[in-house]
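Chemist: The structure that follows is given in the form of structure tokens.
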There are 4 protein chains.
Amino acid sequence: MIIVMSRQAPEAYIQAVIAKIRQAGLSEHISKGAEHTIIGAVGDERSLLVEWFETMPGVERAMRVVREYRIVSREIHPEDSIVQVRGRPFGGQVVQIIAGPPAVESEQQMQESAVLVKDNGAALLYAGVFKQYASPYAFQGLGVLGLEYLQQAGLTQALPVVAELADISMLEVLLQQGIDVIQIGARSMHNVELLKEVGRLNKPVILKRGVSATLSEWLMAAEYIAAGGNHNIIFCESGIRSFESSYRHTLDIAAIPFLKRETHLPVIAAPSQAAGKAWLVPALAKAALAAGADGLILNVHPQPAKALCEADQVLSPAAFSDLLAELRKLAPILGRSL
Amino acid sequence: MIIVMSRQAPEAYIQAVIAKIRQAGLSEHISKGAEHTIIGAVGDERSLLVEWFETMPGVERAMRVVREYRIVSREIHPEDSIVQVRGRPFGGQVVQIIAGPPAVESEQQMQESAVLVKDNGAALLYAGVFKQYASPYAFQGLGVLGLEYLQQAGLTQALPVVAELADISMLEVLLQQGIDVIQIGARSMHNVELLKEVGRLNKPVILKRGVSATLSEWLMAAEYIAAGGNHNIIFCESGIRSFESSYRHTLDIAAIPFLKRETHLPVIAAPSQAAGKAWLVPALAKAALAAGADGLILNVHPQPAKALCEADQVLSPAAFSDLLAELRKLAPILGRSL
Amino acid sequence: MIIVMSRQAPEAYIQAVIAKIRQAGLSEHISKGAEHTIIGAVGDERSLLVEWFETMPGVERAMRVVREYRIVSREIHPEDSIVQVRGRPFGGQVVQIIAGPPAVESEQQMQESAVLVKDNGAALLYAGVFKQYASPYAFQGLGVLGLEYLQQAGLTQALPVVAELADISMLEVLLQQGIDVIQIGARSMHNVELLKEVGRLNKPVILKRGVSATLSEWLMAAEYIAAGGNHNIIFCESGIRSFESSYRHTLDIAAIPFLKRETHLPVIAAPSQAAGKAWLVPALAKAALAAGADGLILNVHPQPAKALCEADQVLSPAAFSDLLAELRKLAPILGRSL
Amino acid sequence: MIIVMSRQAPEAYIQAVIAKIRQAGLSEHISKGAEHTIIGAVGDERSLLVEWFETMPGVERAMRVVREYRIVSREIHPEDSIVQVRGRPFGGQVVQIIAGPPAVESEQQMQESAVLVKDNGAALLYAGVFKQYASPYAFQGLGVLGLEYLQQAGLTQALPVVAELADISMLEVLLQQGIDVIQIGARSMHNVELLKEVGRLNKPVILKRGVSATLSEWLMAAEYIAAGGNHNIIFCESGIRSFESSYRHTLDIAAIPFLKRETHLPVIAAPSQAAGKAWLVPALAKAALAAGADGLILNVHPQPAKALCEADQVLSPAAFSDLLAELRKLAPILGRSL
């Protein structure tokens with residue numbers, strides 16, 4: 001950590017900062033500049049807090065030098081990590097497509113969705129089970145029954161299934177049902193208890209980015225999971241909140257290459273969720289692939305006009321097939337396969 | 001709901017929209033404008049979804065006419081609601097001060113904090129118990145033991161206590177300890193399961209605004225609680241995420257008068273949490289009071305230099321006393337008392 | 001326009017709204033709903049202002065039905081418009097690459113840049129002339145002399161040139177130098193006087209998006225130019241300001257397909273400017289192409305280590321060649337050529 | 001400046017950084033930490049650019065130590081500066097109220113507005129002259145004639161007048177009319193040419209914050225003016241763009257105390273412009289005063305229902321009187337007078 005003293009900070013203030021550094025088991029390194037004295041704390045700065053210094057008299061600013069995240073960092077682990085989901089590798093040369101409806105609505109709808117997913121060569125089946133909508137008067141999902149329909153549909157088509165864990169109390173039932181991948185939604189990315197709990201499992205986790213999470217906060221959320229021992233983490237960019245209201249969220253396309261550089265873990269994108277408009281999805285899906293995404297989560301519904309929720313973001317079966325065909329042509333040009 | 005058809009939308013598309021409206025049990029009202037045909041859906045529009053219409057061919061846009069929230073709305077309940085916390089009314093003429101340290105650190109620290117709070121005439125005692133920090137390597141709070149220290153300190157000084165509920169699994173222990181007010185933090189505002197659970201209680205709830213929540217989403221989160229039967233809701237503005245990084249969050253001061261107009265429920269503010277810098281707190285606290293806040297949550301620590309977390313946002317005992325003295329002079333000019 | 005009256009608005013208030021509508025030369029259409037009376041204003045709503053109604057007693061909300069922009073709208077002009085720049089069509093099947101250094105630094109640097117641009121098959125030459133940096137102590141550009149170097153370099157390589165107009169006072173000199181395309185930078189998008197002035201010319205204009213401009217404001221800025229008679233407008237997405245500070249701006253990739261649907265005019269992207277980091281540019285450039293961009297503005301410098309400004313965002317000659325080779329392979333898969 | 005080298009950066013890379021520092025006339029200071037080598041550049045770091053180092057191999061990050069702004073900084077000039085406007089001091093104990101209509105509409109409207117301003121004890125008269133609206137089809141202001149009406153009204157009531165300079169081409173006419181204070185609007189804050197031009201004058205300047213400008217960018221814009229020799233700068237917080245769309249902009253209340261600490265120059269606020277809704281103005285005006293603002297810009301109109309633009313944000317004469325009466329009671333409690 002680097003501590004910048006104010007101009008004219010008296011020697012006593014400088015000594016107090018040094019004492020604080022030594023007290024934490026680090027040593028100091030002093031540089032007297034033209035305008036400011038700068039003190040470096042030499043040692044493991046993760047044991048220091050910026051605020052310890054910024055509240056001391058005579059200190060103008062304290063700055064971290066090293067990243068706070070460690071296990072998920074490419075600095076520590078330079079090679080790409082592959083996260084395996086029942087034989088489907090995430091983070092390697094193959095681009096993985098996860099697809100399904102925003103919500104489980106019925107047994108038949110799930111079976112039809114799974115057929116769509118399978119027939120179009122997607123790798124995993126997803127469906128929303130415990131819906132977290134903004135309105136208490138909207139469709140709230142089928143709950144545990146929905147989970148069963150999802151799991152059955154996955155088994156019928158031999159597709160691994162992904163389900164979202166929105167609250168710790170639901171973890172038991174997800175595990176009992178044998179869900180293959182646990183998704184932490186954008187609303188739960190900051191739920192530290194949930195992250196810790198998932199960190200104790202030995203199961204792949206898709207970690208969506210909170211809509212107002214910085215890349216650094218997102219990486220730290222993954223670090224919480226990794227610190228518990230579970231390193232099977234897949235990042236998923238699903239849009240951030242900006243001032244633009246023409247679409248649900250703003251897909252932060254630069255987050256994909258940025259994360260691929262910062263972390264060794266796979267990074268996928270969720271264009272349907274980001275856009276909230278089906279007609280925008282093909283452009284965003286192709287863009288995400290071109291930007292280096294290791295996979296995509298796409299929403300498809302056998303009958304969009306009858307979708308109980310998020311009808312505006314689901315692809316029709318025809319649009320889904322067309323998009324997958326386009327992606328399949330695009331991938332080889334980008335050095336990937338699909 | 002109002003459905004605007006595209007220019008040149010053929011009659012068949014208009015008829016399909018009408019059929020959809022009737023199917024939902026409402027009736028239509030058609031207006032042929034210079035450029036667009038506009039269809040109004042007459043009846044309870046809460047049973048309609050914008051997306052049902054926006055995905056139909058020939059529809060350009062669908063717009064809600066009425067607010068989605070109902071119970072918390074001042075439109076339905078024009079008079080101010082008073083939320084009582086063991087004889088301390090929130091939402092009336094008195095401005096209520098909630099104060100305490102960001103985290104319970106020890107029994108002694110809590111006892112000293114409670115004395116500070118009591119001696120300066122604040123109304124309730126707050127302390128962070130289950131810390132939800134961005135880093136797994138930071139102080140994580142004392143947990144249940146911290147809750148006991150908090151509760152004991154409150155009892156000793158005859159102060160009602162406020163604690164945050166970050167996960168449903170912790171509700172039982174909060175209830176057992178007899179916590180007086182349950183706080184839903186900014187990170188949990190979107191946690192629908194938590195909102196529903198708290199909606200079943202008969203206990204005051206402080207509902208902080210998510211850092212990227214619109215006012216409308218915040219009001220809907222309260223509606224979730226209210227829909228469960230618990231109307232003892234206190235809104236707390238604690239800052240939003242903007243592009244400005246000079247302070248932790250941007251206190252959205254206009255949210256206070258806006259909410260006071262939209263809802264009959266009390267609205268307070270948390271300047272310490274928003275600013276993340278103690279020296280900004282007095283200015284923000286006075287501003288919040290001037291803007292009409294019904295109360296404030298302030299962070300104070302008996303020895304700021306020894307605070308284990310958020311040391312930069314805690315007021316020292318002296319600064320806390322000074323601020324309360326200033327607020328006490330300010331309140332009467334604004335028609336309030338403190 | 002649709003005017004929603006408050007619940008229980010008395011008849012007199014409704015009559016006042018009707019009078020206001022008639023006064024503006026439109027007629028009214030009334031619909032009494034379950035909770036609210038809704039009044040539609042039938043006629044050309046562009047002559048009405050939302051605020052006229054929202055400030056009247058008993059009015060809850062007024063909402064526009066039609067878009068405010070007209071000339072640039074695809075609704076009015078369904079076919080794609082092609083903007084010609086000395087034989088290089090923007091908006092058609094060909095993807096156009098505009099490239100050059102962020103700033104003119106010397107005659108030699110411009111000549112070398114132009115060779116790079118030409119040799120790699122890019123279509124137009126760009127360079128910053130009047131730099132608008134945040135600091136008065138930074139390099140401010142070469143001014144008129146820089147413009148001459150740029151123009152000479154373009155002539156030598158037979159490349160049309162693009163220069164930015166930051167202030168009306170500079171228009172004369174740009175016209176005298178025979179600049180082929182005038183660029184309105186992100187900082188000037190809201191400068192109405194500038195837009196009007198450029199609207200009187202018969203010259204292609206690249207209109208960059210302001211970093212906090214909504215898509216609707218951006219389209220209205222183009223409408224200002226178009227209203228003056230100049231329809232040769234090329235939109236350029238160059239990033240918006242979000243809370244994320246890992247890159248200069250957030251490239252709003254969804255803006256590309258969104259604009260392509262809203263307007264008939266060409267839409268290009270500026271990944272170098274958005275990213276502010278050269279290593280991010282290839283991923284963003286490919287993503288923009290995949291999302292449907294009609295062209296790209298790329299920053300390249302013959303010797304990045306010697307660049308006087310924005311050295312972190314310029315591609316080296318080798319990286320530029322590699323990227324163009326990649327884009328050239330990608331374009332045909334997307335139905336484009338380059 | 002501090003340059004953090006990557007882990008395992010070879011010695012040659014470190015030497016290259018040192019050479020670059022020496023080349024710029026500074027000297028280096030090296031600190032070998034546990035994980036990273038850190039190099040400090042000792043000397044005037046304003047002559048260095050972060051990007052020079054961040055683009056060098058082996059460099060992970062470069063960080064500025066000192067502020068880029070100097071003349072406007074309180075670090076350099078610890079005492080408050082008072083900006084005098086014909087005997088009205090800004091930045092001292094007195095809170096100054098600037099008031100008037102958003103636009104000059106007629107001679108009579110300006111005369112009536114000036115009477116309102118004078119009678120309620122406000123200090124300066126403001127009116128919009130060259131309107132910069134988002135739509136080319138909206139009222140565009142009266143231009144030079146409006147400027148005359150404004151100036152006459154000011155003279156009649158012996159009130160100094162404030163007018164906005166939106167383009168350099170208008171400066172001459174503002175100076176000829178003898179305008180007392182030149183306002184740089186939010187849309188022009190980034191217009192470097194305009195800032196430089198105004199820096200050459202000897203006239204007070206109100207510098208509004210761009211809606212997406214960071215505090216640091218805003219201070220640098222002022223530095224541009226100050227670097228030209230004009231130190232009569234008054235900062236005006238008028239709202240930033242956030243995701244919240246319930247009001248025009250988000251008044252960043254914390255910017256007031258933050259700027260008062262960073263700069264010695266006066267800081268005022270424009271609640272009418274920020275809110276865009278007249279009913280929010282009293283709460284925001286009182287909050288700004290409580291947060292330490294040295295003055296306010298308020299919009300008032302003799303007949304709001306007849307306002308040609310921004311009718312929703314103007315106070316009625318009665319509301320204006322009431323608000324000034326409230327502010328007059330509030331000021332003494334805050335140690336100010338009005």
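Lettering and numbering for the structure tokens are positional, with chains as A, B, ... in the shown order, residues counted from 1 in each chain, and ligands counted from 1 in the shown order.
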Could you list the residues in chain C lying within 6 Å of chain B, using only C-alpha atoms, and format the result as number ranges by chain?
Modeler: C: 33-34, 42-43, 242-243
Chemist: Write a file of the selected residues as a short mmCIF file (atom, residue, chain, number, x, y, z; two decimals), in the first residue's frame, keeping N, CA, C and O atoms.
Modeler:
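Contents of out31.cif, as written:
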data_model
loop_
_atom_site.label_atom_id
_atom_site.label_comp_id
_atom_site.auth_asym_id
_atom_site.auth_seq_id
_atom_site.Cartn_x
_atom_site.Cartn_y
_atom_site.Cartn_z
N GLY C 33 -61.43 5.44 -17.64
CA GLY C 33 -61.02 4.11 -17.20
C GLY C 33 -61.53 3.81 -15.81
O GLY C 33 -62.26 4.61 -15.21
N ALA C 34 -61.15 2.66 -15.30
CA ALA C 34 -61.60 2.24 -13.98
C ALA C 34 -61.09 3.21 -12.92
O ALA C 34 -61.80 3.55 -11.98
N VAL C 42 -55.45 14.40 -30.38
CA VAL C 42 -55.41 13.89 -31.75
C VAL C 42 -54.95 15.00 -32.69
O VAL C 42 -55.52 16.08 -32.71
N GLY C 43 -53.93 14.73 -33.47
CA GLY C 43 -53.35 15.73 -34.37
C GLY C 43 -51.83 15.63 -34.31
O GLY C 43 -51.31 14.64 -33.83
N SER C 242 -20.37 5.04 -17.59
CA SER C 242 -21.07 4.23 -16.60
C SER C 242 -20.25 4.27 -15.32
O SER C 242 -19.27 4.99 -15.22
N PHE C 243 -20.65 3.50 -14.34
CA PHE C 243 -19.90 3.45 -13.07
C PHE C 243 -18.61 2.65 -13.20
O PHE C 243 -17.76 2.69 -12.32
#
Chemist: Just want the 8 Å neighbourhood of Leu125 (chain A), counted on only C-alpha atoms, with same-chain residues fewer than 5 positions away dropped. Output as a PyMOL selection string.
Modeler: chain A and resi 98-100+114+117+154+159-162
Chemist: Applying 9 Å and only C-alpha atoms, which residues near Tyr69 (chain A) remain after dropping the ones on its own chain fewer than 3 positions away? List them as a VMD selection string.
Modeler: (chain A and resid 66 72 to 73 216 219 to 220 222 to 223) or (chain B and resid 135)
Chemist: One decimal, Å: what's the distance from CA of Ala134 (chain D) over to CA of Arg46 (chain C), could you say?
Modeler: 13.0 Å
Chemist: Between A:Val314, A:Leu296, A:Leu171, A:Ala290, which has the minimum distance to Leu327 (chain C) (counting only C-alpha atoms)?
Modeler: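 Answer, going by the shortest atom-to-atom distance: A:Ala290.
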Chemist: Neighbours of region 263-271 of chain D within 8 Å (only C-alpha atoms; same-chain residues fewer than 2 positions away dropped), as a PyMOL selection string?
Modeler: chain D and resi 72-75+77-83+90-91+233-239+251+256+259-261+273-275+281+284-285+288+293-298
Chemist: How would the residues just picked look written out with N, CA, C and O atoms as a short mmCIF file (atom, residue, chain, number, x, y, z; two decimals), in the first residue's frame?
Modeler:
data_model
loop_
_atom_site.label_atom_id
_atom_site.label_comp_id
_atom_site.auth_asym_id
_atom_site.auth_seq_id
_atom_site.Cartn_x
_atom_site.Cartn_y
_atom_site.Cartn_z
N VAL D 72 -6.92 26.37 -8.85
CA VAL D 72 -8.23 26.37 -8.18
C VAL D 72 -8.20 25.55 -6.89
O VAL D 72 -9.19 25.51 -6.17
N SER D 73 -7.08 24.93 -6.61
CA SER D 73 -7.00 24.01 -5.48
C SER D 73 -6.83 24.71 -4.13
O SER D 73 -6.07 25.67 -4.00
N ARG D 74 -7.52 24.23 -3.14
CA ARG D 74 -7.39 24.80 -1.81
C ARG D 74 -6.02 24.43 -1.21
O ARG D 74 -5.54 25.12 -0.30
N GLU D 75 -5.42 23.40 -1.72
CA GLU D 75 -4.10 23.00 -1.25
C GLU D 75 -3.11 24.16 -1.45
O GLU D 75 -2.23 24.41 -0.62
N HIS D 77 -4.13 27.38 -2.13
CA HIS D 77 -4.72 28.63 -1.67
C HIS D 77 -5.72 28.29 -0.57
O HIS D 77 -6.92 28.13 -0.85
N PRO D 78 -5.26 28.15 0.68
CA PRO D 78 -6.13 27.62 1.74
C PRO D 78 -7.33 28.48 2.10
O PRO D 78 -8.36 27.95 2.52
N GLU D 79 -7.23 29.82 1.94
CA GLU D 79 -8.37 30.66 2.35
C GLU D 79 -9.47 30.70 1.29
O GLU D 79 -9.18 30.63 0.10
N ASP D 80 -10.68 30.91 1.73
CA ASP D 80 -11.79 31.09 0.81
C ASP D 80 -11.56 32.29 -0.09
O ASP D 80 -11.11 33.34 0.38
N SER D 81 -11.87 32.13 -1.36
CA SER D 81 -11.83 33.29 -2.27
C SER D 81 -13.23 33.85 -2.40
O SER D 81 -14.21 33.11 -2.48
N ILE D 82 -13.30 35.16 -2.41
CA ILE D 82 -14.59 35.82 -2.61
C ILE D 82 -14.64 36.33 -4.04
O ILE D 82 -13.72 37.01 -4.50
N VAL D 83 -15.69 35.97 -4.77
CA VAL D 83 -15.87 36.49 -6.12
C VAL D 83 -16.91 37.61 -6.05
O VAL D 83 -18.04 37.39 -5.60
N PHE D 90 -19.70 36.53 -3.56
CA PHE D 90 -19.99 35.08 -3.57
C PHE D 90 -18.84 34.38 -2.84
O PHE D 90 -17.68 34.62 -3.15
N GLY D 91 -19.20 33.50 -1.92
CA GLY D 91 -18.17 32.73 -1.23
C GLY D 91 -17.91 33.20 0.19
O GLY D 91 -17.07 32.63 0.88
N ILE D 233 -14.24 32.57 -10.59
CA ILE D 233 -15.02 31.40 -11.00
C ILE D 233 -15.95 30.98 -9.87
O ILE D 233 -15.53 30.87 -8.72
N ILE D 234 -17.20 30.75 -10.24
CA ILE D 234 -18.20 30.25 -9.28
C ILE D 234 -18.67 28.90 -9.81
O ILE D 234 -19.21 28.81 -10.92
N PHE D 235 -18.47 27.84 -9.04
CA PHE D 235 -18.94 26.51 -9.44
C PHE D 235 -20.45 26.41 -9.19
O PHE D 235 -20.94 26.94 -8.19
N CYS D 236 -21.16 25.72 -10.07
CA CYS D 236 -22.60 25.54 -9.84
C CYS D 236 -23.01 24.08 -10.10
O CYS D 236 -23.02 23.63 -11.25
N GLU D 237 -23.36 23.38 -9.03
CA GLU D 237 -23.85 22.00 -9.15
C GLU D 237 -25.28 22.04 -9.66
O GLU D 237 -26.15 22.65 -9.05
N SER D 238 -25.50 21.37 -10.80
CA SER D 238 -26.85 21.42 -11.37
C SER D 238 -27.38 20.04 -11.73
O SER D 238 -28.32 19.92 -12.52
N GLY D 239 -26.78 19.01 -11.14
CA GLY D 239 -27.32 17.67 -11.32
C GLY D 239 -26.50 16.82 -12.27
O GLY D 239 -25.92 17.34 -13.22
N LEU D 251 -29.48 15.68 -8.34
CA LEU D 251 -28.66 16.71 -7.68
C LEU D 251 -27.65 15.97 -6.79
O LEU D 251 -28.03 15.25 -5.87
N ILE D 256 -21.30 19.53 -3.11
CA ILE D 256 -21.15 20.86 -2.51
C ILE D 256 -20.08 20.84 -1.40
O ILE D 256 -19.09 21.56 -1.51
N LEU D 259 -16.56 19.95 -2.93
CA LEU D 259 -15.88 21.05 -3.63
C LEU D 259 -15.43 22.14 -2.67
O LEU D 259 -14.36 22.73 -2.87
N LYS D 260 -16.24 22.42 -1.67
CA LYS D 260 -15.84 23.45 -0.70
C LYS D 260 -14.52 23.07 -0.02
O LYS D 260 -13.79 23.94 0.42
N ARG D 261 -14.24 21.78 0.05
CA ARG D 261 -12.99 21.34 0.65
C ARG D 261 -11.83 21.33 -0.35
O ARG D 261 -10.69 21.60 0.01
N GLN D 273 -33.02 23.51 -12.22
CA GLN D 273 -32.50 22.82 -13.40
C GLN D 273 -32.31 21.33 -13.12
O GLN D 273 -32.61 20.48 -13.96
N ALA D 274 -31.79 21.01 -11.94
CA ALA D 274 -31.56 19.62 -11.59
C ALA D 274 -32.87 18.84 -11.54
O ALA D 274 -33.00 17.77 -12.12
N ALA D 275 -33.85 19.41 -10.83
CA ALA D 275 -35.09 18.67 -10.59
C ALA D 275 -35.95 18.59 -11.85
O ALA D 275 -36.51 17.54 -12.16
N VAL D 281 -38.34 21.70 -5.99
CA VAL D 281 -37.33 22.76 -5.80
C VAL D 281 -37.16 23.21 -4.34
O VAL D 281 -36.02 23.31 -3.86
N LEU D 284 -35.00 20.75 -2.42
CA LEU D 284 -33.61 20.72 -2.88
C LEU D 284 -32.88 22.02 -2.55
O LEU D 284 -31.69 22.01 -2.24
N ALA D 285 -33.58 23.13 -2.63
CA ALA D 285 -32.95 24.43 -2.33
C ALA D 285 -32.53 24.46 -0.86
O ALA D 285 -31.41 24.87 -0.53
N ALA D 288 -29.55 22.16 -0.34
CA ALA D 288 -28.29 22.73 -0.85
C ALA D 288 -27.73 23.75 0.13
O ALA D 288 -26.53 23.79 0.40
N ALA D 293 -24.00 25.38 0.39
CA ALA D 293 -23.92 26.16 -0.85
C ALA D 293 -23.81 27.65 -0.55
O ALA D 293 -24.42 28.16 0.37
N ASP D 294 -23.02 28.34 -1.38
CA ASP D 294 -22.83 29.78 -1.25
C ASP D 294 -23.88 30.58 -2.00
O ASP D 294 -23.84 31.81 -2.00
N GLY D 295 -24.78 29.89 -2.67
CA GLY D 295 -25.81 30.59 -3.41
C GLY D 295 -26.68 29.59 -4.15
O GLY D 295 -26.40 28.37 -4.14
N LEU D 296 -27.73 30.08 -4.77
CA LEU D 296 -28.67 29.24 -5.51
C LEU D 296 -29.10 29.94 -6.79
O LEU D 296 -29.21 31.18 -6.81
N ILE D 297 -29.35 29.17 -7.83
CA ILE D 297 -30.01 29.70 -9.02
C ILE D 297 -31.41 29.10 -9.05
O ILE D 297 -31.56 27.87 -9.07
N LEU D 298 -32.42 29.94 -9.01
CA LEU D 298 -33.81 29.48 -8.96
C LEU D 298 -34.57 30.00 -10.18
O LEU D 298 -34.38 31.15 -10.58
#
Chemist: List as a ChimeraX atom specification the protein and nucleic acid residues near Gln111 (chain B), meaning an atom at most 12 Å away when only C-alpha atoms are counted, but skip any in the same chain fewer than 3 places from it.
Modeler: /B:100-101,104-108,114-118,125-127,146,148-159,301-302
Chemist: Could you please take those selected residues and save C-alpha atoms as a PDB file, in the first residue's frame?
Modeler:
ATOM      1  CA  GLY B 100     -24.215   3.191  16.339  1.00  0.00           C
ATOM      2  CA  PRO B 101     -21.070   1.591  14.973  1.00  0.00           C
ATOM      3  CA  VAL B 104     -20.171  -4.891  16.689  1.00  0.00           C
ATOM      4  CA  GLU B 105     -16.551  -5.453  17.690  1.00  0.00           C
ATOM      5  CA  SER B 106     -16.736  -6.268  21.398  1.00  0.00           C
ATOM      6  CA  GLU B 107     -19.057  -6.117  24.353  1.00  0.00           C
ATOM      7  CA  GLN B 108     -17.316  -3.040  25.683  1.00  0.00           C
ATOM      8  CA  ALA B 114     -24.910   2.750  23.468  1.00  0.00           C
ATOM      9  CA  VAL B 115     -23.920   5.317  26.081  1.00  0.00           C
ATOM     10  CA  LEU B 116     -22.905   7.727  23.310  1.00  0.00           C
ATOM     11  CA  VAL B 117     -26.178   7.187  21.510  1.00  0.00           C
ATOM     12  CA  LYS B 118     -28.244   7.609  24.678  1.00  0.00           C
ATOM     13  CA  LEU B 125     -29.247   1.837  18.613  1.00  0.00           C
ATOM     14  CA  TYR B 126     -27.866   0.273  15.455  1.00  0.00           C
ATOM     15  CA  ALA B 127     -24.837  -1.917  14.806  1.00  0.00           C
ATOM     16  CA  GLY B 146     -22.430  -9.652  18.129  1.00  0.00           C
ATOM     17  CA  GLU B 148     -26.162 -10.511  21.829  1.00  0.00           C
ATOM     18  CA  TYR B 149     -23.800  -7.640  22.583  1.00  0.00           C
ATOM     19  CA  LEU B 150     -25.999  -5.297  20.569  1.00  0.00           C
ATOM     20  CA  GLN B 151     -29.169  -6.423  22.310  1.00  0.00           C
ATOM     21  CA  GLN B 152     -27.563  -6.198  25.773  1.00  0.00           C
ATOM     22  CA  ALA B 153     -26.275  -2.708  25.078  1.00  0.00           C
ATOM     23  CA  GLY B 154     -29.737  -1.632  23.939  1.00  0.00           C
ATOM     24  CA  LEU B 155     -31.337  -3.073  27.065  1.00  0.00           C
ATOM     25  CA  THR B 156     -28.794  -1.404  29.359  1.00  0.00           C
ATOM     26  CA  GLN B 157     -29.555   1.993  27.884  1.00  0.00           C
ATOM     27  CA  ALA B 158     -33.252   1.334  27.257  1.00  0.00           C
ATOM     28  CA  LEU B 159     -32.797   1.882  23.521  1.00  0.00           C
ATOM     29  CA  HIS B 301     -17.701   4.841  17.211  1.00  0.00           C
ATOM     30  CA  PRO B 302     -16.215   5.402  20.664  1.00  0.00           C
TER      31      PRO B 302
END
Chemist: Any idea what's packed within 12 Å of Glu197 (chain A), counting only C-alpha atoms, ignoring anything in its chain fewer than 5 positions away? Could you give it as a PyMOL selection string?
Modeler: (chain A and resi 165-172+182+184+191-192+202-203+205+224-230) or (chain B and resi 167+169)
Chemist: Report the residues of region 113-207 of chain C whose backbone DSSP state falls under strand (DSSP E or B), written as a list of chain:residue names.
Modeler: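 Here are the strand (DSSP E or B) residues of region 113-207 of chain C: C:Leu124, C:Leu125, C:Tyr126, C:Val161, C:Val162, C:Ala163, C:Glu164, C:Val181, C:Ile182, C:Gln183, C:Ile184, C:Val205, C:Ile206, C:Leu207.
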Chemist: Tell me which protein, DNA and RNA residues are within 8 Å of Gly128 (chain D), counting only C-alpha atoms, leaving out same-chain ones fewer than 5 positions away, and put them as a list of chain:residue names.
Modeler: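 The neighbour list is D:Pro101, D:Pro102, D:Ala103, D:Val104, D:Gly141, D:Ala163, D:Glu164.
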Chemist: Please report the interatomic distance between CA of Ile21 (chain C) and CA of Leu48 (chain B) in Å with one decimal.
Modeler: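 For CA of Ile21 (chain C) relative to CA of Leu48 (chain B), the distance reads 29.4 Å.
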Chemist: DSSP says alpha helix (DSSP H) for which residues of region 150-289 of chain D? Put them as a ChimeraX atom specification?
Modeler: /D:150-156,171-176,192-199,215-227,255-262,271-275,281-289
Chemist: With distances taken over only C-alpha atoms, which of D:Asp312, D:Val129, D:Ser212, D:Pro136 is nearest to Val173 (chain D)?
Modeler: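 Smallest distance to Val173 (chain D) is found for D:Val129.
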